[in-house]
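Q: As input, take model08.cif (mmCIF, C-alpha atoms):
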data_final
loop_
_atom_site.label_atom_id
_atom_site.label_comp_id
_atom_site.auth_asym_id
_atom_site.auth_seq_id
_atom_site.Cartn_x
_atom_site.Cartn_y
_atom_site.Cartn_z
CA MET A 658 298.77 67.17 48.79
CA SER A 659 297.35 66.53 52.26
CA LEU A 660 296.75 69.40 54.65
CA THR A 661 299.36 67.91 56.96
CA MET A 662 302.04 67.94 54.27
CA THR A 663 301.01 71.43 53.15
CA LEU A 664 301.58 72.81 56.65
CA ALA A 665 304.80 70.84 57.03
CA GLY A 666 306.16 72.15 53.75
CA PHE A 667 305.19 75.71 54.62
CA ALA A 668 306.74 75.51 58.08
CA CYS A 669 310.17 74.50 56.84
CA GLY A 670 310.12 75.86 53.30
CA ILE A 671 310.14 79.61 53.91
CA ASP A 672 313.54 81.18 54.45
CA THR A 673 313.91 83.45 57.46
CA ARG A 674 314.61 86.40 55.13
CA GLU A 675 311.29 85.83 53.34
CA ILE A 676 309.20 86.49 56.46
CA PRO A 677 307.97 90.11 56.42
CA ASP A 678 309.79 92.48 58.76
CA GLU A 679 306.58 93.45 60.56
CA VAL A 680 305.86 89.78 61.31
CA MET A 681 309.34 89.25 62.75
CA ALA A 682 309.03 92.45 64.80
CA ARG A 683 305.69 91.27 66.18
CA ALA A 684 307.22 87.92 67.14
CA LEU A 685 309.97 89.73 69.04
CA ALA A 686 307.41 91.83 70.91
CA LEU A 687 305.45 88.70 71.85
CA VAL A 688 308.58 86.86 73.02
CA THR A 689 309.51 89.86 75.18
CA ASP A 690 306.06 90.03 76.74
CA PHE A 691 305.97 86.29 77.38
CA THR A 692 309.38 86.29 79.07
CA GLY A 693 308.06 88.62 81.78
CA SER A 694 305.35 86.12 82.68
CA ILE A 695 307.88 83.28 82.89
CA LEU A 696 310.09 85.24 85.26
CA ARG A 697 307.39 86.19 87.73
CA ALA A 698 305.76 82.76 87.77
CA ALA A 699 309.07 80.99 88.33
CA HIS A 700 309.13 82.65 91.73
CA GLU A 701 305.50 83.25 92.64
CA ALA A 702 303.17 80.74 90.96
CA ASP A 703 301.77 78.37 93.58
CA SER A 704 302.41 75.34 91.36
CA THR A 705 306.11 76.04 90.73
CA PRO A 706 307.53 74.13 93.76
CA ALA A 707 305.59 71.00 92.84
CA VAL A 708 306.81 71.03 89.23
CA LEU A 709 310.42 71.51 90.30
CA ALA A 710 310.10 68.73 92.90
CA MET A 711 308.70 66.39 90.24
CA LEU A 712 311.68 66.99 87.96
CA GLU A 713 314.10 66.37 90.82
CA ARG A 714 312.39 63.18 91.91
CA LEU A 715 312.38 61.81 88.37
CA GLY A 716 316.00 62.73 87.75
CA MET A 717 315.12 65.33 85.11
CA GLU A 718 316.65 68.32 86.90
CA GLY A 719 320.17 67.85 85.56
CA ASP A 720 322.27 70.63 84.09
CA GLY A 721 322.02 71.29 80.38
CA PRO A 722 322.44 73.99 77.75
CA CYS A 723 318.99 75.56 77.94
CA THR A 724 317.70 78.68 79.67
CA VAL A 725 314.83 78.74 82.14
CA PHE A 726 314.01 82.36 82.89
CA GLY A 727 313.87 83.23 86.57
CA LEU A 728 316.01 80.30 87.73
CA ASN A 729 319.74 80.80 88.19
CA ARG A 730 320.77 77.70 86.26
CA HIS A 731 320.34 75.84 82.98
CA TYR A 732 318.45 72.63 82.26
CA GLY A 733 318.26 69.95 79.62
CA ALA A 734 316.16 70.91 76.63
CA ALA A 735 313.03 68.89 77.50
CA ALA A 736 312.92 70.15 81.09
CA ALA A 737 313.55 73.74 79.96
CA ALA A 738 310.65 73.62 77.49
CA LEU A 739 308.37 72.17 80.16
CA LEU A 740 309.35 74.77 82.76
CA ASN A 741 309.27 77.84 80.53
CA GLY A 742 305.93 76.75 79.08
CA THR A 743 304.39 76.00 82.46
CA PHE A 744 305.71 79.15 84.09
CA GLY A 745 304.76 81.34 81.14
CA HIS A 746 301.14 80.20 81.28
CA SER A 747 300.81 80.14 85.08
CA LEU A 748 299.82 83.79 85.54
CA ASP A 749 297.34 83.66 82.63
CA PHE A 750 299.00 86.91 81.53
CA ASP A 751 300.33 85.56 78.22
CA ASP A 752 299.21 86.53 74.73
CA THR A 753 296.07 85.34 72.95
CA HIS A 754 294.85 84.74 69.40
CA ALA A 755 291.16 85.52 69.22
CA ASP A 756 290.01 83.40 66.28
CA SER A 757 291.60 80.22 67.67
CA SER A 758 290.87 81.10 71.31
CA LEU A 759 294.33 80.01 72.42
CA HIS A 760 297.60 81.34 73.85
CA PRO A 761 300.26 80.90 71.15
CA SER A 762 303.49 81.82 72.96
CA ALA A 763 303.15 79.39 75.85
CA PRO A 764 303.62 76.16 73.85
CA VAL A 765 305.61 77.65 70.95
CA VAL A 766 308.29 79.97 72.36
CA PRO A 767 309.82 77.51 74.90
CA ALA A 768 310.13 74.76 72.28
CA ALA A 769 311.73 77.12 69.78
CA LEU A 770 314.10 78.50 72.42
CA ALA A 771 315.24 75.08 73.61
CA ALA A 772 315.88 73.88 70.06
CA ALA A 773 317.67 77.11 69.12
CA GLU A 774 319.94 76.87 72.16
CA LEU A 775 320.67 73.22 71.41
CA THR A 776 321.66 73.94 67.83
CA GLY A 777 323.17 77.40 68.15
CA ALA A 778 320.64 78.88 65.74
CA SER A 779 320.77 82.62 65.20
CA GLY A 780 318.36 85.00 66.90
CA ALA A 781 316.66 85.70 63.59
CA ASP A 782 316.21 81.99 62.93
CA PHE A 783 314.82 81.53 66.43
CA LEU A 784 312.22 84.26 65.76
CA ALA A 785 311.36 82.65 62.41
CA ALA A 786 310.77 79.35 64.22
CA VAL A 787 308.47 81.16 66.63
CA VAL A 788 306.53 82.67 63.73
CA MET A 789 306.03 79.28 62.08
CA GLY A 790 304.92 77.74 65.35
CA PHE A 791 302.42 80.58 65.80
CA GLU A 792 301.08 80.15 62.28
CA VAL A 793 300.51 76.41 62.63
CA CYS A 794 298.96 76.35 66.10
CA CYS A 795 296.68 79.35 65.44
CA ARG A 796 295.53 77.96 62.12
CA LEU A 797 294.82 74.55 63.62
CA GLY A 798 292.92 76.22 66.46
CA MET A 799 290.75 78.03 63.92
CA ALA A 800 290.23 74.86 61.90
CA LEU A 801 289.03 73.00 64.99
CA ASP A 802 286.32 75.62 65.60
CA PRO A 803 287.05 76.67 69.21
CA THR A 804 283.40 76.46 70.25
CA GLU A 805 283.15 72.84 69.11
CA HIS A 806 286.55 72.01 70.60
CA TYR A 807 285.53 73.49 73.96
CA ALA A 808 282.25 71.58 73.78
CA ARG A 809 284.24 68.36 73.62
CA GLY A 810 286.11 69.44 76.78
CA PHE A 811 289.47 70.21 75.17
CA HIS A 812 291.91 73.04 75.90
CA PRO A 813 293.14 74.34 72.50
CA THR A 814 296.34 75.95 73.79
CA ALA A 815 297.54 72.51 74.83
CA THR A 816 296.13 70.49 71.95
CA ALA A 817 296.85 72.68 68.91
CA GLY A 818 299.85 74.04 70.79
CA THR A 819 301.61 70.67 70.60
CA PHE A 820 301.70 70.96 66.81
CA GLY A 821 302.93 74.54 66.99
CA ALA A 822 305.68 73.48 69.37
CA ALA A 823 306.74 70.65 67.04
CA VAL A 824 307.06 73.07 64.12
CA ALA A 825 308.86 75.69 66.23
CA ALA A 826 311.43 73.12 67.36
CA GLY A 827 311.65 71.47 63.97
CA ARG A 828 313.03 74.51 62.14
CA PRO A 829 316.18 74.92 64.27
CA LEU A 830 316.64 71.15 64.13
CA GLY A 831 316.76 71.39 60.33
CA LEU A 832 313.73 69.25 59.45
CA ASP A 833 312.74 69.03 55.79
CA ALA A 834 309.12 68.67 54.72
CA LYS A 835 309.05 64.89 55.10
CA ALA A 836 310.60 65.02 58.58
CA MET A 837 308.37 67.94 59.61
CA SER A 838 305.35 65.88 58.59
CA ALA A 839 306.69 63.04 60.74
CA ALA A 840 307.02 65.46 63.67
CA LEU A 841 303.39 66.48 63.19
CA GLY A 842 302.51 62.80 63.07
CA VAL A 843 304.09 62.24 66.47
CA ALA A 844 302.49 65.41 67.82
CA ALA A 845 299.07 64.05 66.90
CA SER A 846 299.56 61.17 69.32
CA GLN A 847 300.67 63.54 72.06
CA ALA A 848 298.13 66.35 71.74
CA SER A 849 296.09 66.53 74.93
CA GLY A 850 294.59 68.99 77.35
CA SER A 851 291.34 68.91 79.31
CA LEU A 852 289.06 71.67 80.60
CA GLN A 853 288.29 69.63 83.71
CA PHE A 854 290.65 71.90 85.67
CA LEU A 855 287.77 74.39 85.85
CA VAL A 856 285.93 72.21 88.37
CA ASN A 857 288.30 72.82 91.25
CA GLY A 858 290.76 75.46 90.09
CA ALA A 859 293.39 72.81 89.42
CA TRP A 860 296.89 73.46 88.10
CA ASN A 861 296.42 71.19 85.08
CA LYS A 862 295.94 74.09 82.66
CA ARG A 863 299.36 75.62 83.13
CA TYR A 864 301.12 72.24 83.30
CA GLN A 865 299.47 70.76 80.20
CA VAL A 866 300.62 73.77 78.18
CA GLY A 867 304.20 73.35 79.38
CA GLU A 868 303.90 69.68 78.59
CA ALA A 869 302.68 70.55 75.08
CA SER A 870 305.86 72.55 74.53
CA MET A 871 308.02 69.68 75.77
CA LYS A 872 306.11 67.09 73.71
CA GLY A 873 306.40 69.19 70.56
CA LEU A 874 310.15 69.45 71.11
CA MET A 875 310.34 65.68 71.60
CA ALA A 876 308.29 65.05 68.45
CA ALA A 877 310.62 67.22 66.38
CA THR A 878 313.71 65.59 67.89
CA LEU A 879 312.37 62.14 67.09
CA ALA A 880 311.74 63.22 63.51
CA ALA A 881 315.29 64.60 63.30
CA SER A 882 316.45 61.06 64.17
CA ASP A 883 314.43 59.56 61.29
CA PHE A 884 311.53 58.39 63.46
CA VAL A 885 308.55 57.44 61.31
CA GLY A 886 305.49 59.43 62.35
CA ALA A 887 301.90 58.92 61.25
CA GLU A 888 301.01 60.29 57.82
CA ASP A 889 298.13 62.74 57.38
CA ALA A 890 298.04 63.14 61.14
CA ILE A 891 296.04 66.36 61.03
CA ASP A 892 293.47 65.66 58.32
CA GLY A 893 293.42 61.86 58.10
CA LYS A 894 290.54 59.54 58.96
CA HIS A 895 291.68 59.29 62.57
CA GLY A 896 293.56 62.58 62.53
CA PHE A 897 293.55 65.57 64.82
CA LEU A 898 290.71 67.57 63.28
CA ARG A 899 288.24 64.69 63.15
CA GLY A 900 289.16 63.33 66.55
CA TYR A 901 289.05 66.59 68.49
CA SER A 902 286.09 68.48 67.01
CA ASP A 903 282.59 67.87 65.70
CA GLY A 904 282.71 70.94 63.46
CA ALA A 905 286.23 71.20 62.04
CA ASP A 906 286.83 73.22 58.87
CA PRO A 907 290.20 72.12 57.42
CA GLU A 908 290.27 74.97 54.92
CA ARG A 909 290.77 77.46 57.73
CA ALA A 910 294.16 75.91 58.41
CA VAL A 911 295.54 76.82 55.00
CA ALA A 912 293.50 79.83 53.83
CA GLY A 913 295.88 82.65 52.95
CA LEU A 914 298.88 80.57 54.00
CA GLY A 915 302.01 82.64 53.49
CA THR A 916 300.12 85.84 52.70
CA VAL A 917 297.88 86.26 55.74
CA TRP A 918 300.02 86.14 58.87
CA GLU A 919 298.13 85.06 61.97
CA THR A 920 301.13 86.23 64.02
CA LEU A 921 299.93 89.79 63.38
CA ARG A 922 296.55 88.89 64.87
CA ILE A 923 297.91 87.87 68.28
CA GLY A 924 297.04 90.23 71.12
CA ILE A 925 298.78 91.04 74.40
CA LYS A 926 296.91 90.88 77.68
CA PRO A 927 296.66 93.89 79.99
CA TYR A 928 295.14 91.77 82.78
CA PRO A 929 296.28 88.40 84.24
CA ALA A 930 293.09 86.44 83.69
CA CYS A 931 291.15 84.63 81.01
CA ARG A 932 290.80 86.81 77.92
CA TYR A 933 287.01 86.51 78.06
CA THR A 934 287.00 88.78 81.14
CA HIS A 935 289.00 91.58 79.55
CA ALA A 936 286.43 93.52 77.56
CA ALA A 937 284.17 93.78 80.61
CA VAL A 938 287.11 94.83 82.80
CA ASP A 939 287.96 97.54 80.26
CA GLY A 940 284.38 98.80 80.48
CA LEU A 941 284.21 98.68 84.26
CA LEU A 942 287.48 100.57 84.63
CA ALA A 943 286.20 103.22 82.21
CA LEU A 944 282.92 103.60 84.15
CA ARG A 945 284.75 103.75 87.49
CA ARG A 946 287.01 106.49 86.15
CA ASP A 947 284.46 108.52 84.19
CA LEU A 948 281.77 108.43 86.90
CA ASN A 949 284.21 108.73 89.82
CA LEU A 950 282.43 105.64 91.09
CA ALA A 951 283.02 104.13 94.52
CA PRO A 952 282.65 100.34 94.81
CA ASP A 953 279.93 100.58 97.44
CA GLU A 954 277.80 102.59 95.01
CA VAL A 955 277.54 99.63 92.63
CA GLU A 956 274.17 97.93 93.05
CA ALA A 957 274.36 95.31 90.29
CA ILE A 958 276.42 94.35 87.24
CA THR A 959 275.34 92.18 84.33
CA VAL A 960 278.04 91.05 81.92
CA GLY A 961 277.06 89.59 78.56
CA LEU A 962 279.56 87.20 76.96
CA HIS A 963 279.94 84.81 74.04
CA ARG A 964 278.96 81.28 75.01
CA ASN A 965 282.65 80.27 75.09
CA GLY A 966 283.11 82.88 77.78
CA ILE A 967 280.21 81.51 79.79
CA THR A 968 281.86 78.08 79.70
CA LEU A 969 285.12 79.43 81.07
CA VAL A 970 284.37 82.40 83.34
CA GLY A 971 280.62 82.57 83.96
CA ALA A 972 279.23 79.21 85.02
CA PRO A 973 278.25 77.95 87.46
CA ILE A 974 277.74 81.51 88.62
CA ALA A 975 277.49 80.72 92.35
CA GLU A 976 280.95 79.15 92.28
CA LYS A 977 282.43 81.88 90.10
CA ARG A 978 281.34 84.43 92.71
CA ARG A 979 283.34 82.61 95.41
CA ALA A 980 286.77 82.36 93.78
CA ARG A 981 289.36 81.44 96.41
CA SER A 982 292.38 80.13 94.50
CA VAL A 983 294.37 81.92 91.81
CA VAL A 984 293.09 79.59 89.09
CA GLU A 985 289.51 80.14 90.23
CA GLY A 986 290.12 83.88 90.13
CA GLN A 987 291.68 83.71 86.67
CA PHE A 988 288.49 82.08 85.40
CA SER A 989 285.94 84.16 87.29
CA MET A 990 284.22 87.11 85.68
CA PRO A 991 282.77 88.17 89.06
CA PHE A 992 286.21 88.22 90.68
CA ALA A 993 287.78 90.17 87.80
CA ALA A 994 284.94 92.70 87.96
CA ALA A 995 285.27 93.08 91.72
CA ALA A 996 289.05 93.51 91.56
CA ALA A 997 288.77 96.17 88.86
CA LEU A 998 286.17 98.15 90.79
CA LEU A 999 287.95 97.86 94.13
CA ARG A 1000 291.42 98.80 92.91
CA GLY A 1001 290.83 100.73 89.71
CA ARG A 1002 293.21 98.29 87.99
CA PHE A 1003 293.72 94.54 87.63
CA GLY A 1004 297.26 93.18 87.83
CA TRP A 1005 299.00 90.10 89.16
CA ASP A 1006 299.41 91.63 92.61
CA ASP A 1007 295.64 92.13 92.92
CA TYR A 1008 295.08 88.43 93.55
CA ASP A 1009 295.60 89.33 97.20
CA LEU A 1010 291.89 90.24 97.05
CA LEU A 1011 290.88 86.57 96.83
CA GLY A 1012 288.58 85.53 99.66
CA LYS A 1013 288.29 89.01 101.18
CA PRO A 1014 284.80 89.99 102.37
CA GLU A 1015 284.67 93.17 100.29
CA THR A 1016 285.65 91.21 97.17
CA GLU A 1017 283.01 88.56 97.63
CA ALA A 1018 280.36 91.10 98.53
CA LEU A 1019 280.96 92.90 95.25
CA ALA A 1020 281.31 89.67 93.26
CA ALA A 1021 277.91 88.60 94.58
CA ARG A 1022 276.39 91.53 92.68
CA VAL A 1023 277.79 90.33 89.34
CA ASP A 1024 275.71 88.25 86.96
CA VAL A 1025 277.04 86.73 83.72
CA VAL A 1026 274.70 85.94 80.83
CA ARG A 1027 275.05 84.68 77.30
CA ASP A 1028 274.69 87.49 74.77
CA GLU A 1029 273.95 86.07 71.33
CA SER A 1030 274.78 89.40 69.70
CA LEU A 1031 278.42 88.62 70.45
CA GLU A 1032 278.35 85.40 68.44
CA ASN A 1033 279.15 84.87 64.76
CA LEU A 1034 281.51 87.83 64.87
CA ARG A 1035 285.16 87.91 63.83
CA HIS A 1036 286.25 86.92 67.33
CA PRO A 1037 284.49 86.02 70.58
CA PHE A 1038 286.18 88.27 73.15
CA GLY A 1039 283.74 91.20 73.28
CA ALA A 1040 281.31 91.96 76.10
CA THR A 1041 278.17 93.89 76.90
CA LEU A 1042 277.85 95.56 80.25
CA THR A 1043 275.03 96.93 82.38
CA LEU A 1044 276.08 98.54 85.65
CA ARG A 1045 273.48 99.91 88.05
CA ALA A 1046 274.65 102.64 90.43
CA ARG A 1047 273.02 105.74 91.92
CA ASN A 1048 269.68 104.34 90.68
CA ILE A 1049 270.85 104.62 87.07
CA ASP A 1050 271.64 101.84 84.58
CA TYR A 1051 274.83 102.49 82.62
CA ARG A 1052 275.23 100.37 79.48
CA LEU A 1053 278.30 99.71 77.38
CA ARG A 1054 279.21 97.42 74.51
CA ILE A 1055 282.93 96.66 74.29
CA SER A 1056 283.57 94.95 70.97
CA ASP A 1057 287.31 94.49 71.35
CA PRO A 1058 289.28 94.15 74.57
CA SER A 1059 292.38 96.31 74.80
CA GLY A 1060 295.60 94.77 73.53
CA GLU A 1061 294.08 93.24 70.40
CA PRO A 1062 295.93 93.79 67.10
CA GLU A 1063 294.01 97.00 66.38
CA THR A 1064 295.16 98.41 69.74
CA PHE A 1065 298.43 96.50 70.06
CA PRO A 1066 300.62 98.09 72.73
CA ASP A 1067 303.68 100.03 71.62
CA ALA A 1068 307.23 99.17 72.66
CA GLN A 1069 307.04 101.46 75.67
CA ALA A 1070 303.90 99.77 77.00
CA ILE A 1071 305.36 96.29 76.46
CA ALA A 1072 308.52 97.32 78.32
CA ALA A 1073 306.45 98.73 81.17
CA LYS A 1074 304.52 95.47 81.56
CA PHE A 1075 307.79 93.52 81.39
CA ARG A 1076 309.33 95.62 84.17
CA THR A 1077 306.23 95.17 86.33
CA LEU A 1078 306.63 91.40 86.10
CA ALA A 1079 310.42 91.06 85.97
CA GLY A 1080 311.38 93.89 88.31
CA PRO A 1081 310.45 92.13 91.58
CA VAL A 1082 312.54 89.12 90.47
CA LEU A 1083 315.56 90.68 88.77
CA ASN A 1084 315.59 94.19 90.27
CA ALA A 1085 318.08 96.33 88.31
CA ASP A 1086 318.90 93.40 86.02
CA ALA A 1087 315.40 93.54 84.51
CA ASP A 1088 316.52 96.20 82.04
CA THR A 1089 319.64 94.19 81.21
CA LEU A 1090 317.48 91.25 80.16
CA LEU A 1091 315.08 93.57 78.33
CA ASN A 1092 317.99 94.94 76.29
CA ARG A 1093 319.15 91.40 75.57
CA LEU A 1094 315.70 90.52 74.28
CA HIS A 1095 315.58 93.62 72.09
CA ALA A 1096 318.91 92.59 70.53
CA LEU A 1097 317.75 89.08 69.61
CA PRO A 1098 317.57 89.78 65.84
CA GLN A 1099 321.32 90.51 65.89
CA ALA A 1100 322.30 87.38 67.83
CA LEU A 1101 324.63 85.18 65.77
CA SER A 1102 323.93 82.21 68.04
CA MET A 1103 321.29 81.55 70.68
CA ARG A 1104 323.70 79.31 72.58
CA ASP A 1105 324.57 81.17 75.82
CA TRP A 1106 322.78 84.31 74.61
CA PHE A 1107 320.97 84.64 77.94
CA SER A 1108 323.86 83.43 80.13
#
Would you encode the structure as structure tokens?
A:
Amino acid sequence: MSLTMTLAGFACGIDTREIPDEVMARALALVTDFTGSILRAAHEADSTPAVLAMLERLGMEGDGPCTVFGLNRHYGAAAAALLNGTFGHSLDFDDTHADSSLHPSAPVVPAALAAAELTGASGADFLAAVVMGFEVCCRLGMALDPTEHYARGFHPTATAGTFGAAVAAGRPLGLDAKAMSAALGVAASQASGSLQFLVNGAWNKRYQVGEASMKGLMAATLAASDFVGAEDAIDGKHGFLRGYSDGADPERAVAGLGTVWETLRIGIKPYPACRYTHAAVDGLLALRRDLNLAPDEVEAITVGLHRNGITLVGAPIAEKRRARSVVEGQFSMPFAAAAALLRGRFGWDDYDLLGKPETEALAARVDVVRDESLENLRHPFGATLTLRARNIDYRLRISDPSGEPETFPDAQAIAAKFRTLAGPVLNADADTLLNRLHALPQALSMRDWFS
């Protein structure tokens, strides 16, 4: 059996009741966390007005049955998936899977939600669809080899995410193995996403992830209408793994399938920036606190990162030190370091530090270097840190950024982050939505659940 058919059969063949309780609970926590990012970005992301204007101009803004968090109206399914996916990824505050170096919720959850609302699937079946989408996109991201995929200039959240979105939508739509394989076949023609946005802090990254969610939903809907998709679209001669990576390992896509749950290896972000900045931010906040360190006492900082991190947040260093837009800040290790030292925290509201003289003065003291000791490890998100202050060099090695599975936040911490993001948008209604999210496993139908 081909790898494509194996994944398709797995994605639709497991009954919701067969998914372990801890996996379903983790999916609910991740959906809750992701919803907070959607809400805040719907109102505050700089790209939101342009995306809404595009939908209006193209006649895609019509009413429909599907929720878009943060907007006081419903949309058609395709537009809802696009908007929730784009908004949810706009703050760069959404969850991450270390081994695949991608953000699973952004492409997967909106596609699953739109399909579940279309079909009236139960809350439990919606969460099962999310789990299957997570499993497929994370496994494909691992099989690509993120380093090789990045080297080709691809953005794995958008590329592998299209397949995860197709699976997540396909379950509520009732696809069998043959139809799910067809959906993956269509997804293979739609998978796209370029790293070129790094050059000028463009909005492509957030949009291409929302588009991946929409395209996955469309692929599954085509398959539900008996559309014939390409066979062996993942592992074939001209398939996804061969076309998008020079070092793919197909076995990683199916190793432990059904027994090892990648959903349990997804982490939640404490800071709204690229995950490769987080370990260093953790270390800098600890040094600031433990040494009672004032920003003007910091003489120099050297951050060591995996080479993937250098690609995204460390080079070219002169430009990373002069982040002016939100996207540039999200992908700047020097900005993240400066924000953490100046404020003793790093949250969405701290992007008001962009372009300020004190920020750029401190960022100018940050160097980012490749640390080969961080490579060939289980995941690439660690950091080494040398901070010089008071004529003393302080050194730290942070193997795991906070929020990884081993330090996954508890329900109270997830709720606190949700309120921080949703509170300014919903005010007192933030807790109402939070309670509605917590009750998802008991929902008999997702249709109008959030109305």
Q: Starting from the PyMOL selection byres ((chain A and resi 724) around 10), expand the selection into actual residues of this file and give them as a PyMOL selection string.
A: chain A and resi 721-723+725-734+736-738+740-741+767+770-771+774+1104-1108
Q: To one decimal in Å, tell me the separation between CA of His935 (chain A) and CA of Arg809 (chain A).
A: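 These atoms are spaced 24.4 Å apart.
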Q: Pick from A:Gly1001, A:Gly850, A:Pro1037, A:Gly858: nearest to Gly966 (chain A), with only C-alpha atoms counted?
A: A:Pro1037
Q: With all atoms listed in the file as the atoms that count, which of A:Ala698, A:Leu664, A:Ile974, A:Val983 lies nearest to Tyr1008 (chain A)?
A: A:Val983
Q: Quick one: pull the distance between CA of Asp953 (chain A) and CA of Leu1053 (chain A), Å, one decimal.
A: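 CA of Leu1053 (chain A) lies at a distance of 20.1 Å from CA of Asp953 (chain A).
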Q: Using the file's own x, y and z axes, so that the box edges lie along x, y and z, what centre and edge lengths in Å (one decimal) does a box around every listed atom of region 1038-1042 of chain A get when 8 Å is added on each side? Give it as AutoDock Vina command-line options.
A:
--center_x 282.0 --center_y 91.9 --center_z 76.7 --size_x 24.3 --size_y 23.3 --size_z 23.1
Q: Figure out the distance between CA of Ala1018 (chain A) and CA of Leu1044 (chain A), please, to one decimal in Å.
A: 15.5 Å
Q: For the file shown, what are the residues hit by the PyMOL selection byres ((chain A and resi 1080-1089) around 12), laid out as a PyMOL selection string?
A: chain A and resi 689+692-701+726-729+1005-1006+1072-1079+1090-1096+1107-1108
Q: If you count all atoms listed in the file, which residues fall within 12 Å of Pro829 (chain A), apart from same-chain ones fewer than 5 positions away, as a VMD selection string?
A: chain A and resid 668 to 669 672 to 673 768 to 787 789 to 790 822 to 824 837 874 877 to 878 881 1102 to 1103
Q: What would the file look like if the residues just selected were written as a PDB file, keeping the file's coordinate frame with C-alpha atoms?
A:
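Saved as part.pdb:
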ATOM      1  CA  ALA A 668     306.740  75.510  58.080  1.00  0.00           C
ATOM      2  CA  CYS A 669     310.170  74.500  56.840  1.00  0.00           C
ATOM      3  CA  ASP A 672     313.540  81.180  54.450  1.00  0.00           C
ATOM      4  CA  THR A 673     313.910  83.450  57.460  1.00  0.00           C
ATOM      5  CA  ALA A 768     310.130  74.760  72.280  1.00  0.00           C
ATOM      6  CA  ALA A 769     311.730  77.120  69.780  1.00  0.00           C
ATOM      7  CA  LEU A 770     314.100  78.500  72.420  1.00  0.00           C
ATOM      8  CA  ALA A 771     315.240  75.080  73.610  1.00  0.00           C
ATOM      9  CA  ALA A 772     315.880  73.880  70.060  1.00  0.00           C
ATOM     10  CA  ALA A 773     317.670  77.110  69.120  1.00  0.00           C
ATOM     11  CA  GLU A 774     319.940  76.870  72.160  1.00  0.00           C
ATOM     12  CA  LEU A 775     320.670  73.220  71.410  1.00  0.00           C
ATOM     13  CA  THR A 776     321.660  73.940  67.830  1.00  0.00           C
ATOM     14  CA  GLY A 777     323.170  77.400  68.150  1.00  0.00           C
ATOM     15  CA  ALA A 778     320.640  78.880  65.740  1.00  0.00           C
ATOM     16  CA  SER A 779     320.770  82.620  65.200  1.00  0.00           C
ATOM     17  CA  GLY A 780     318.360  85.000  66.900  1.00  0.00           C
ATOM     18  CA  ALA A 781     316.660  85.700  63.590  1.00  0.00           C
ATOM     19  CA  ASP A 782     316.210  81.990  62.930  1.00  0.00           C
ATOM     20  CA  PHE A 783     314.820  81.530  66.430  1.00  0.00           C
ATOM     21  CA  LEU A 784     312.220  84.260  65.760  1.00  0.00           C
ATOM     22  CA  ALA A 785     311.360  82.650  62.410  1.00  0.00           C
ATOM     23  CA  ALA A 786     310.770  79.350  64.220  1.00  0.00           C
ATOM     24  CA  VAL A 787     308.470  81.160  66.630  1.00  0.00           C
ATOM     25  CA  MET A 789     306.030  79.280  62.080  1.00  0.00           C
ATOM     26  CA  GLY A 790     304.920  77.740  65.350  1.00  0.00           C
ATOM     27  CA  ALA A 822     305.680  73.480  69.370  1.00  0.00           C
ATOM     28  CA  ALA A 823     306.740  70.650  67.040  1.00  0.00           C
ATOM     29  CA  VAL A 824     307.060  73.070  64.120  1.00  0.00           C
ATOM     30  CA  MET A 837     308.370  67.940  59.610  1.00  0.00           C
ATOM     31  CA  LEU A 874     310.150  69.450  71.110  1.00  0.00           C
ATOM     32  CA  ALA A 877     310.620  67.220  66.380  1.00  0.00           C
ATOM     33  CA  THR A 878     313.710  65.590  67.890  1.00  0.00           C
ATOM     34  CA  ALA A 881     315.290  64.600  63.300  1.00  0.00           C
ATOM     35  CA  SER A1102     323.930  82.210  68.040  1.00  0.00           C
ATOM     36  CA  MET A1103     321.290  81.550  70.680  1.00  0.00           C
TER      37      MET A1103
END
